[in-house]
>>> print(open('entry_24.tsv').read())   # TSV, N, CA and C atoms and all ligand atoms
chain	number	residue	atom	x	y	z
J	1	MET	N	0.84	-1.19	0.00
J	1	MET	CA	0.00	0.00	0.00
J	1	MET	C	0.88	1.25	0.00
J	2	ALA	N	0.47	2.23	-0.78
J	2	ALA	CA	1.27	3.45	-0.87
J	2	ALA	C	1.22	4.22	0.45
J	3	ASN	N	2.29	4.92	0.77
J	3	ASN	CA	2.31	5.76	1.95
J	3	ASN	C	1.52	7.03	1.68
J	4	ARG	N	0.47	7.22	2.43
J	4	ARG	CA	-0.40	8.36	2.22
J	4	ARG	C	0.28	9.67	2.62
J	5	HIS	N	1.20	9.59	3.56
J	5	HIS	CA	1.76	10.80	4.15
J	5	HIS	C	3.01	11.33	3.47
J	6	GLY	N	3.70	10.54	2.71
J	6	GLY	CA	4.95	11.05	2.19
J	6	GLY	C	5.51	10.20	1.07
J	7	PRO	N	6.56	10.67	0.46
J	7	PRO	CA	7.10	9.96	-0.71
J	7	PRO	C	7.82	8.66	-0.37
J	8	CYS	N	8.50	8.60	0.77
J	8	CYS	CA	9.23	7.42	1.23
J	8	CYS	C	9.64	6.47	0.10
J	9	MET	N	9.07	5.28	0.12
J	9	MET	CA	9.56	4.25	-0.80
J	9	MET	C	9.24	4.57	-2.26
J	10	GLU	N	8.19	5.37	-2.48
J	10	GLU	CA	7.90	5.75	-3.87
J	10	GLU	C	9.10	6.47	-4.48
J	11	LYS	N	9.81	7.19	-3.62
J	11	LYS	CA	10.99	7.91	-4.10
J	11	LYS	C	12.28	7.21	-3.67
J	12	LYS	N	12.11	5.98	-3.22
J	12	LYS	CA	13.25	5.22	-2.72
J	12	LYS	C	14.03	6.03	-1.68
J	13	CYS	N	13.27	6.69	-0.81
J	13	CYS	CA	13.90	7.58	0.17
J	13	CYS	C	13.75	7.02	1.58
J	14	SER	N	14.86	6.93	2.29
J	14	SER	CA	14.83	6.54	3.70
J	14	SER	C	15.61	7.57	4.51
J	15	TRP	N	15.52	8.81	4.08
J	15	TRP	CA	16.23	9.90	4.75
J	15	TRP	C	15.92	9.91	6.24
J	16	CYS	N	14.62	9.70	6.58
J	16	CYS	CA	14.21	9.77	7.99
J	16	CYS	C	14.86	8.68	8.84
J	17	CYS	N	15.31	7.61	8.20
J	17	CYS	CA	15.79	6.44	8.95
J	17	CYS	C	17.31	6.41	9.10
J	18	ASP	N	18.01	7.29	8.44
J	18	ASP	CA	19.48	7.14	8.38
J	18	ASP	C	20.17	8.47	8.60
J	19	PRO	N	20.37	8.87	9.83
J	19	PRO	CA	19.87	8.19	11.04
J	19	PRO	C	18.41	8.57	11.29
J	20	VAL	N	17.80	7.82	12.22
J	20	VAL	CA	16.48	8.22	12.71
J	20	VAL	C	16.66	9.54	13.46
J	21	LYS	N	15.75	10.48	13.23
J	21	LYS	CA	15.84	11.79	13.87
J	21	LYS	C	14.52	12.09	14.58
J	22	VAL	N	14.61	12.35	15.87
J	22	VAL	CA	13.40	12.66	16.65
J	22	VAL	C	13.72	13.87	17.53
J	23	PRO	N	12.69	14.56	18.03
J	23	PRO	CA	12.95	15.69	18.92
J	23	PRO	C	13.83	15.28	20.10
J	24	ALA	N	14.68	16.19	20.55
J	24	ALA	CA	15.66	15.85	21.59
J	24	ALA	C	14.99	15.44	22.90
J	25	ASN	N	13.75	15.87	23.13
J	25	ASN	CA	13.07	15.48	24.38
J	25	ASN	C	12.27	14.18	24.21
J	26	PHE	N	12.47	13.49	23.11
J	26	PHE	CA	11.77	12.23	22.83
J	26	PHE	C	12.10	11.20	23.93
J	27	SER	N	11.06	10.60	24.48
J	27	SER	CA	11.28	9.64	25.56
J	27	SER	C	11.71	8.28	25.00
J	28	ASP	N	12.70	7.67	25.64
J	28	ASP	CA	13.16	6.34	25.22
J	28	ASP	C	12.03	5.31	25.27
J	29	GLU	N	11.03	5.58	26.10
J	29	GLU	CA	9.88	4.66	26.20
J	29	GLU	C	9.14	4.52	24.87
J	30	LYS	N	9.31	5.51	24.00
J	30	LYS	CA	8.59	5.48	22.72
J	30	LYS	C	9.38	4.77	21.63
J	31	ILE	N	10.60	4.36	21.92
J	31	ILE	CA	11.39	3.66	20.90
J	31	ILE	C	10.70	2.34	20.55
J	32	PRO	N	10.49	2.07	19.25
J	32	PRO	CA	9.78	0.83	18.88
J	32	PRO	C	10.54	-0.42	19.32
J	33	LEU	N	9.77	-1.46	19.58
J	33	LEU	CA	10.34	-2.74	20.04
J	33	LEU	C	10.18	-3.81	18.97
J	34	ASP	N	11.09	-4.77	18.97
J	34	ASP	CA	10.93	-5.91	18.07
J	34	ASP	C	10.06	-6.98	18.74
J	35	LYS	N	9.91	-8.13	18.11
J	35	LYS	CA	9.02	-9.17	18.64
J	35	LYS	C	9.47	-9.68	20.00
J	36	GLU	N	10.78	-9.58	20.26
J	36	GLU	CA	11.31	-10.04	21.55
J	36	GLU	C	11.25	-8.94	22.60
J	37	GLY	N	10.75	-7.77	22.23
J	37	GLY	CA	10.66	-6.67	23.18
J	37	GLY	C	11.92	-5.83	23.27
J	38	LYS	N	12.84	-6.03	22.32
J	38	LYS	CA	14.09	-5.28	22.33
J	38	LYS	C	13.93	-4.01	21.48
J	39	ARG	N	14.49	-2.92	21.97
J	39	ARG	CA	14.42	-1.66	21.22
J	39	ARG	C	15.16	-1.78	19.88
J	40	ILE	N	14.51	-1.30	18.81
J	40	ILE	CA	15.12	-1.44	17.49
J	40	ILE	C	15.99	-0.24	17.10
J	41	TRP	N	15.94	0.82	17.91
J	41	TRP	CA	16.79	1.98	17.64
J	41	TRP	C	17.90	2.05	18.69
J	42	ARG	N	19.11	2.33	18.24
J	42	ARG	CA	20.25	2.49	19.15
J	42	ARG	C	20.72	3.95	19.12
J	43	ASP	N	20.80	4.54	20.30
J	43	ASP	CA	21.12	5.97	20.41
J	43	ASP	C	22.54	6.23	19.90
J	44	ARG	N	22.66	7.18	18.97
J	44	ARG	CA	23.97	7.57	18.47
J	44	ARG	C	24.71	8.52	19.41
J	45	GLU	N	23.99	8.97	20.42
J	45	GLU	CA	24.56	9.95	21.35
J	45	GLU	C	24.98	11.20	20.60
J	46	GLU	N	24.23	11.56	19.60
J	46	GLU	CA	24.55	12.76	18.84
J	46	GLU	C	23.27	13.58	18.63
J	47	ILE	N	23.37	14.85	18.93
J	47	ILE	CA	22.28	15.79	18.67
J	47	ILE	C	22.64	16.58	17.41
J	48	VAL	N	21.66	16.72	16.51
J	48	VAL	CA	21.89	17.52	15.31
J	48	VAL	C	20.87	18.66	15.25
J	49	VAL	N	21.26	19.69	14.51
J	49	VAL	CA	20.44	20.89	14.41
J	49	VAL	C	20.19	21.19	12.94
J	50	PRO	N	18.92	21.30	12.53
J	50	PRO	CA	18.65	21.68	11.13
J	50	PRO	C	19.11	23.12	10.90
J	51	GLU	N	19.81	23.34	9.81
J	51	GLU	CA	20.40	24.66	9.56
J	51	GLU	C	19.34	25.77	9.56
J	52	SER	N	18.14	25.45	9.06
J	52	SER	CA	17.11	26.48	8.96
J	52	SER	C	16.42	26.77	10.30
J	53	GLN	N	16.71	25.94	11.31
J	53	GLN	CA	16.05	26.14	12.61
J	53	GLN	C	17.08	26.04	13.74
J	54	MET	N	18.19	26.71	13.53
J	54	MET	CA	19.32	26.61	14.45
J	54	MET	C	18.97	26.95	15.89
J	55	GLU	N	18.07	27.91	16.07
J	55	GLU	CA	17.79	28.40	17.42
J	55	GLU	C	16.73	27.58	18.14
J	56	THR	N	15.94	26.86	17.40
J	56	THR	CA	14.75	26.27	18.02
J	56	THR	C	14.69	24.75	18.04
J	57	VAL	N	15.38	24.08	17.12
J	57	VAL	CA	15.18	22.63	16.99
J	57	VAL	C	16.46	21.86	17.34
J	58	ARG	N	16.29	20.82	18.14
J	58	ARG	CA	17.37	19.89	18.49
J	58	ARG	C	16.85	18.48	18.22
J	59	LEU	N	17.62	17.70	17.49
J	59	LEU	CA	17.17	16.36	17.13
J	59	LEU	C	18.13	15.30	17.68
J	60	LYS	N	17.55	14.32	18.33
J	60	LYS	CA	18.29	13.16	18.83
J	60	LYS	C	18.39	12.17	17.67
J	61	THR	N	19.50	11.47	17.56
J	61	THR	CA	19.68	10.55	16.42
J	61	THR	C	19.89	9.11	16.89
J	62	PHE	N	19.35	8.20	16.09
J	62	PHE	CA	19.46	6.76	16.38
J	62	PHE	C	19.82	5.99	15.12
J	63	ASP	N	20.48	4.86	15.31
J	63	ASP	CA	20.61	3.87	14.24
J	63	ASP	C	19.49	2.86	14.41
J	64	CYS	N	18.86	2.49	13.30
J	64	CYS	CA	17.76	1.52	13.37
J	64	CYS	C	18.24	0.15	12.92
J	65	ASP	N	17.90	-0.88	13.71
J	65	ASP	CA	18.31	-2.25	13.39
J	65	ASP	C	17.66	-2.75	12.10
J	66	LEU	N	16.52	-2.15	11.71
J	66	LEU	CA	15.82	-2.63	10.52
J	66	LEU	C	16.26	-1.93	9.24
J	67	LEU	N	17.15	-0.95	9.37
J	67	LEU	CA	17.65	-0.30	8.16
J	67	LEU	C	18.67	-1.22	7.48
J	68	ASP	N	18.42	-1.53	6.22
J	68	ASP	CA	19.36	-2.33	5.44
J	68	ASP	C	20.45	-1.39	4.93
J	69	THR	N	21.63	-1.52	5.50
J	69	THR	CA	22.69	-0.56	5.15
J	69	THR	C	23.23	-0.78	3.73
J	70	GLN	N	22.95	-1.95	3.15
J	70	GLN	CA	23.38	-2.20	1.77
J	70	GLN	C	22.50	-1.40	0.79
J	71	THR	N	21.19	-1.46	1.02
J	71	THR	CA	20.26	-0.80	0.10
J	71	THR	C	19.87	0.60	0.58
J	72	GLY	N	20.08	0.87	1.88
J	72	GLY	CA	19.63	2.13	2.45
J	72	GLY	C	18.13	2.18	2.68
J	73	LYS	N	17.49	1.02	2.66
J	73	LYS	CA	16.02	0.97	2.81
J	73	LYS	C	15.63	0.19	4.07
J	74	CYS	N	14.36	0.38	4.44
J	74	CYS	CA	13.82	-0.39	5.57
J	74	CYS	C	13.69	-1.85	5.14
J	75	SER	N	14.20	-2.76	5.96
J	75	SER	CA	14.16	-4.17	5.59
J	75	SER	C	12.79	-4.79	5.88
J	76	ASP	N	11.91	-4.05	6.57
J	76	ASP	CA	10.57	-4.59	6.86
J	76	ASP	C	9.55	-3.46	6.73
J	77	TYR	N	9.60	-2.80	5.60
J	77	TYR	CA	8.79	-1.58	5.40
J	77	TYR	C	7.30	-1.83	5.60
J	78	GLU	N	6.81	-2.96	5.10
J	78	GLU	CA	5.37	-3.24	5.21
J	78	GLU	C	4.93	-3.35	6.66
J	79	ASN	N	5.83	-3.79	7.51
J	79	ASN	CA	5.50	-3.98	8.94
J	79	ASN	C	6.18	-2.96	9.84
J	80	ARG	N	6.62	-1.85	9.28
J	80	ARG	CA	7.34	-0.86	10.07
J	80	ARG	C	6.46	-0.37	11.22
J	81	PRO	N	7.11	0.09	12.30
J	81	PRO	CA	6.34	0.52	13.48
J	81	PRO	C	5.46	1.73	13.18
J	82	GLU	N	4.48	1.90	14.02
J	82	GLU	CA	3.51	2.99	13.89
J	82	GLU	C	4.21	4.35	13.79
J	83	ILE	N	5.22	4.57	14.60
J	83	ILE	CA	5.88	5.87	14.60
J	83	ILE	C	6.52	6.16	13.23
J	84	CYS	N	6.98	5.12	12.56
J	84	CYS	CA	7.57	5.29	11.23
J	84	CYS	C	6.48	5.59	10.21
J	85	ARG	N	5.33	4.93	10.36
J	85	ARG	CA	4.21	5.16	9.44
J	85	ARG	C	3.69	6.59	9.57
J	86	ASN	N	3.79	7.13	10.76
J	86	ASN	CA	3.20	8.45	11.02
J	86	ASN	C	4.22	9.58	10.86
J	87	THR	N	5.39	9.25	10.35
J	87	THR	CA	6.42	10.26	10.14
J	87	THR	C	6.48	10.61	8.66
J	88	SER	N	6.55	11.90	8.37
J	88	SER	CA	6.58	12.30	6.98
J	88	SER	C	7.26	13.65	6.82
J	89	CYS	N	7.91	13.84	5.69
J	89	CYS	CA	8.47	15.15	5.38
J	89	CYS	C	7.45	16.00	4.63
J	90	VAL	N	6.25	15.46	4.46
J	90	VAL	CA	5.24	16.16	3.67
J	90	VAL	C	4.12	16.68	4.58
J	91	ASP	N	3.85	17.96	4.45
J	91	ASP	CA	2.73	18.58	5.14
J	91	ASP	C	1.58	18.65	4.13
J	92	GLU	N	0.53	17.89	4.42
J	92	GLU	CA	-0.57	17.81	3.45
J	92	GLU	C	-1.30	19.14	3.27
J	93	LYS	N	-1.11	20.05	4.24
J	93	LYS	CA	-1.78	21.36	4.13
J	93	LYS	C	-0.90	22.39	3.41
J	94	SER	N	0.33	22.02	3.12
J	94	SER	CA	1.25	22.98	2.49
J	94	SER	C	0.81	23.29	1.06
J	95	THR	N	1.13	24.51	0.64
J	95	THR	CA	0.84	24.88	-0.75
J	95	THR	C	1.94	24.35	-1.68
J	96	LYS	N	3.05	23.90	-1.09
J	96	LYS	CA	4.15	23.36	-1.91
J	96	LYS	C	3.81	21.93	-2.33
J	97	SER	N	4.37	21.54	-3.46
J	97	SER	CA	4.13	20.18	-3.94
J	97	SER	C	4.90	19.17	-3.08
J	98	VAL	N	4.50	17.91	-3.18
J	98	VAL	CA	5.22	16.84	-2.48
J	98	VAL	C	6.68	16.83	-2.91
J	99	ASP	N	6.91	16.97	-4.21
J	99	ASP	CA	8.28	16.96	-4.72
J	99	ASP	C	9.11	18.09	-4.12
J	100	GLU	N	8.51	19.25	-4.05
J	100	GLU	CA	9.23	20.41	-3.53
J	100	GLU	C	9.54	20.23	-2.04
J	101	GLN	N	8.56	19.77	-1.30
J	101	GLN	CA	8.78	19.55	0.14
J	101	GLN	C	9.84	18.47	0.36
J	102	HIS	N	9.78	17.43	-0.44
J	102	HIS	CA	10.75	16.35	-0.33
J	102	HIS	C	12.16	16.87	-0.62
J	103	ARG	N	12.27	17.65	-1.68
J	103	ARG	CA	13.58	18.20	-2.05
J	103	ARG	C	14.12	19.08	-0.92
J	104	GLU	N	13.27	19.90	-0.34
J	104	GLU	CA	13.72	20.77	0.75
J	104	GLU	C	14.22	19.96	1.95
J	105	THR	N	13.52	18.86	2.22
J	105	THR	CA	13.95	18.00	3.33
J	105	THR	C	15.35	17.46	3.06
J	106	LEU	N	15.55	16.96	1.84
J	106	LEU	CA	16.83	16.34	1.52
J	106	LEU	C	17.97	17.35	1.50
J	107	GLU	N	17.62	18.59	1.17
J	107	GLU	CA	18.66	19.62	1.07
J	107	GLU	C	18.99	20.26	2.41
J	108	GLU	N	18.15	20.01	3.41
J	108	GLU	CA	18.39	20.61	4.73
J	108	GLU	C	19.70	20.10	5.32
J	109	GLU	N	20.54	21.03	5.70
J	109	GLU	CA	21.81	20.67	6.34
J	109	GLU	C	21.55	20.35	7.82
J	110	LEU	N	22.05	19.22	8.28
J	110	LEU	CA	21.93	18.86	9.70
J	110	LEU	C	23.31	18.98	10.33
J	111	ILE	N	23.42	19.88	11.28
J	111	ILE	CA	24.73	20.18	11.87
J	111	ILE	C	24.84	19.51	13.23
J	112	PRO	N	25.87	18.69	13.42
J	112	PRO	CA	26.05	18.06	14.74
J	112	PRO	C	26.32	19.13	15.79
J	113	LEU	N	25.67	18.96	16.92
J	113	LEU	CA	25.84	19.90	18.02
J	113	LEU	C	26.91	19.33	18.95
J	114	LYS	N	27.96	20.08	19.15
J	114	LYS	CA	29.07	19.59	19.96
J	114	LYS	C	28.96	20.12	21.39
J	115	GLY	N	29.06	19.23	22.32
J	115	GLY	CA	29.26	19.62	23.71
J	115	GLY	C	28.04	20.07	24.50
J	116	LYS	N	26.93	20.46	23.87
J	116	LYS	CA	25.76	20.88	24.62
J	116	LYS	C	24.49	20.37	23.95
J	117	LYS	N	23.41	20.30	24.73
J	117	LYS	CA	22.16	19.77	24.20
J	117	LYS	C	21.05	20.77	24.31
J	201	LIG	S1	11.78	0.48	11.15
J	201	LIG	FE1	12.12	0.88	8.99
J	201	LIG	S2	10.98	2.77	8.59
J	201	LIG	FE2	11.28	2.63	10.81
J	201	LIG	S3	13.20	3.74	11.25
J	201	LIG	FE3	13.71	1.61	10.98
J	201	LIG	S4	14.31	1.44	8.84
J	201	LIG	FE4	13.12	3.33	9.08
>>> encode(input="entry_24.tsv", output="structure tokens", more="lines below")
Ligand code: SF4
Amino acid sequence: MANRHGPCMEKKCSWCCDPVKVPANFSDEKIPLDKEGKRIWRDREEIVVPESQMETVRLKTFDCDLLDTQTGKCSDYENRPEICRNTSCVDEKSTKSVDEQHRETLEEELIPLKGKK
């Protein structure tokens, strides 16, 4: 089934997953679990800042166990966790096209934040 919220696999894009980026105050309790109850994201211990939102946004980064590093794609996309399904670089209310929003996401520079959070 096509992703209603964003281009993702239609554009062969897994930008959101490599690394996974969530707000810095994201609780570890929300990290998705595998069938054995083990967290599938591993904290990179790195905070990044989107260049266009330097003053306001801090993102925590994770490596995902389900990311296929050979293909750069989710290895279980059809069964990906709810949080992944509900994540999108596309704002359905935006006047910009999906392509334009997607391009802006990919072009956004993410700057590692050194020493402070
Ligand atoms: S489970 Fe799949 S979609 Fe979700 S972060 Fe991991 S690789 Fe990406």
>>> closest_residue(input="entry_24.tsv", among="J:Asn25, J:Thr105, J:Thr95, J:Ser75", to="ligand LIG 201 (chain J)", atoms="only N, CA and C atoms and all ligand atoms")
J:Ser75
>>> atom_distance(input="entry_24.tsv", atom1="CA of Phe62 (chain J)", atom2="CA of Glu92 (chain J)")
26.3 Å
>>> closest_residue(input="entry_24.tsv", among="J:Pro7, J:Gly72, J:Pro23, J:Gly37", to="ligand LIG 201 (chain J)", atoms="all atoms listed in the file")
J:Gly72
>>> closest_residue(input="entry_24.tsv", among="J:Leu33, J:Leu59, J:Leu106, J:Cys64", to="ligand LIG 201 (chain J)", atoms="only C-alpha atoms and all ligand atoms")
J:Cys64
>>> closest_atom_pairs(input="entry_24.tsv", of="chain J", to="ligand LIG 201 (chain J)", cutoff="7 Å", atoms="all atoms listed in the file", output="Markdown table")
| residue | atom | partner | partner_atom | distance |
| --- | --- | --- | --- | --- |
| J:Ser14 | CA | J:LIG201 | FE4 | 6.5 |
| J:Cys16 | C | J:LIG201 | FE4 | 5.6 |
| J:Cys17 | CA | J:LIG201 | FE4 | 4.1 |
| J:Asp18 | N | J:LIG201 | FE4 | 6.3 |
| J:Val20 | CA | J:LIG201 | S3 | 5.7 |
| J:Ile40 | C | J:LIG201 | FE3 | 6.8 |
| J:Asp63 | C | J:LIG201 | FE3 | 6.8 |
| J:Cys64 | CA | J:LIG201 | FE3 | 4.7 |
| J:Asp65 | N | J:LIG201 | FE3 | 5.6 |
| J:Leu66 | C | J:LIG201 | S4 | 3.9 |
| J:Leu67 | N | J:LIG201 | S4 | 3.7 |
| J:Asp68 | N | J:LIG201 | S4 | 5.7 |
| J:Lys73 | C | J:LIG201 | S4 | 5.1 |
| J:Cys74 | CA | J:LIG201 | S4 | 3.8 |
| J:Ser75 | N | J:LIG201 | S4 | 5.1 |
| J:Asp76 | N | J:LIG201 | FE1 | 5.5 |
| J:Tyr77 | CA | J:LIG201 | FE1 | 5.5 |
| J:Asn79 | C | J:LIG201 | S1 | 6.7 |
| J:Arg80 | CA | J:LIG201 | S1 | 4.8 |
| J:Pro81 | N | J:LIG201 | S1 | 4.8 |
| J:Ile83 | C | J:LIG201 | FE2 | 6.4 |
| J:Cys84 | CA | J:LIG201 | FE2 | 4.6 |
| J:Arg85 | N | J:LIG201 | S2 | 6.3 |
>>> residues_around(input="entry_24.tsv", residues="Glu46 (chain J)", least_positions_apart="5", cutoff="6.5 Å", atoms="all atoms listed in the file", output="list in words")
Leu59, Lys60, Thr61 and Leu113 of chain J
>>> atom_distance(input="entry_24.tsv", atom1="atom N of Glu78 (chain J)", atom2="atom C of Met9 (chain J)")
10.8 Å
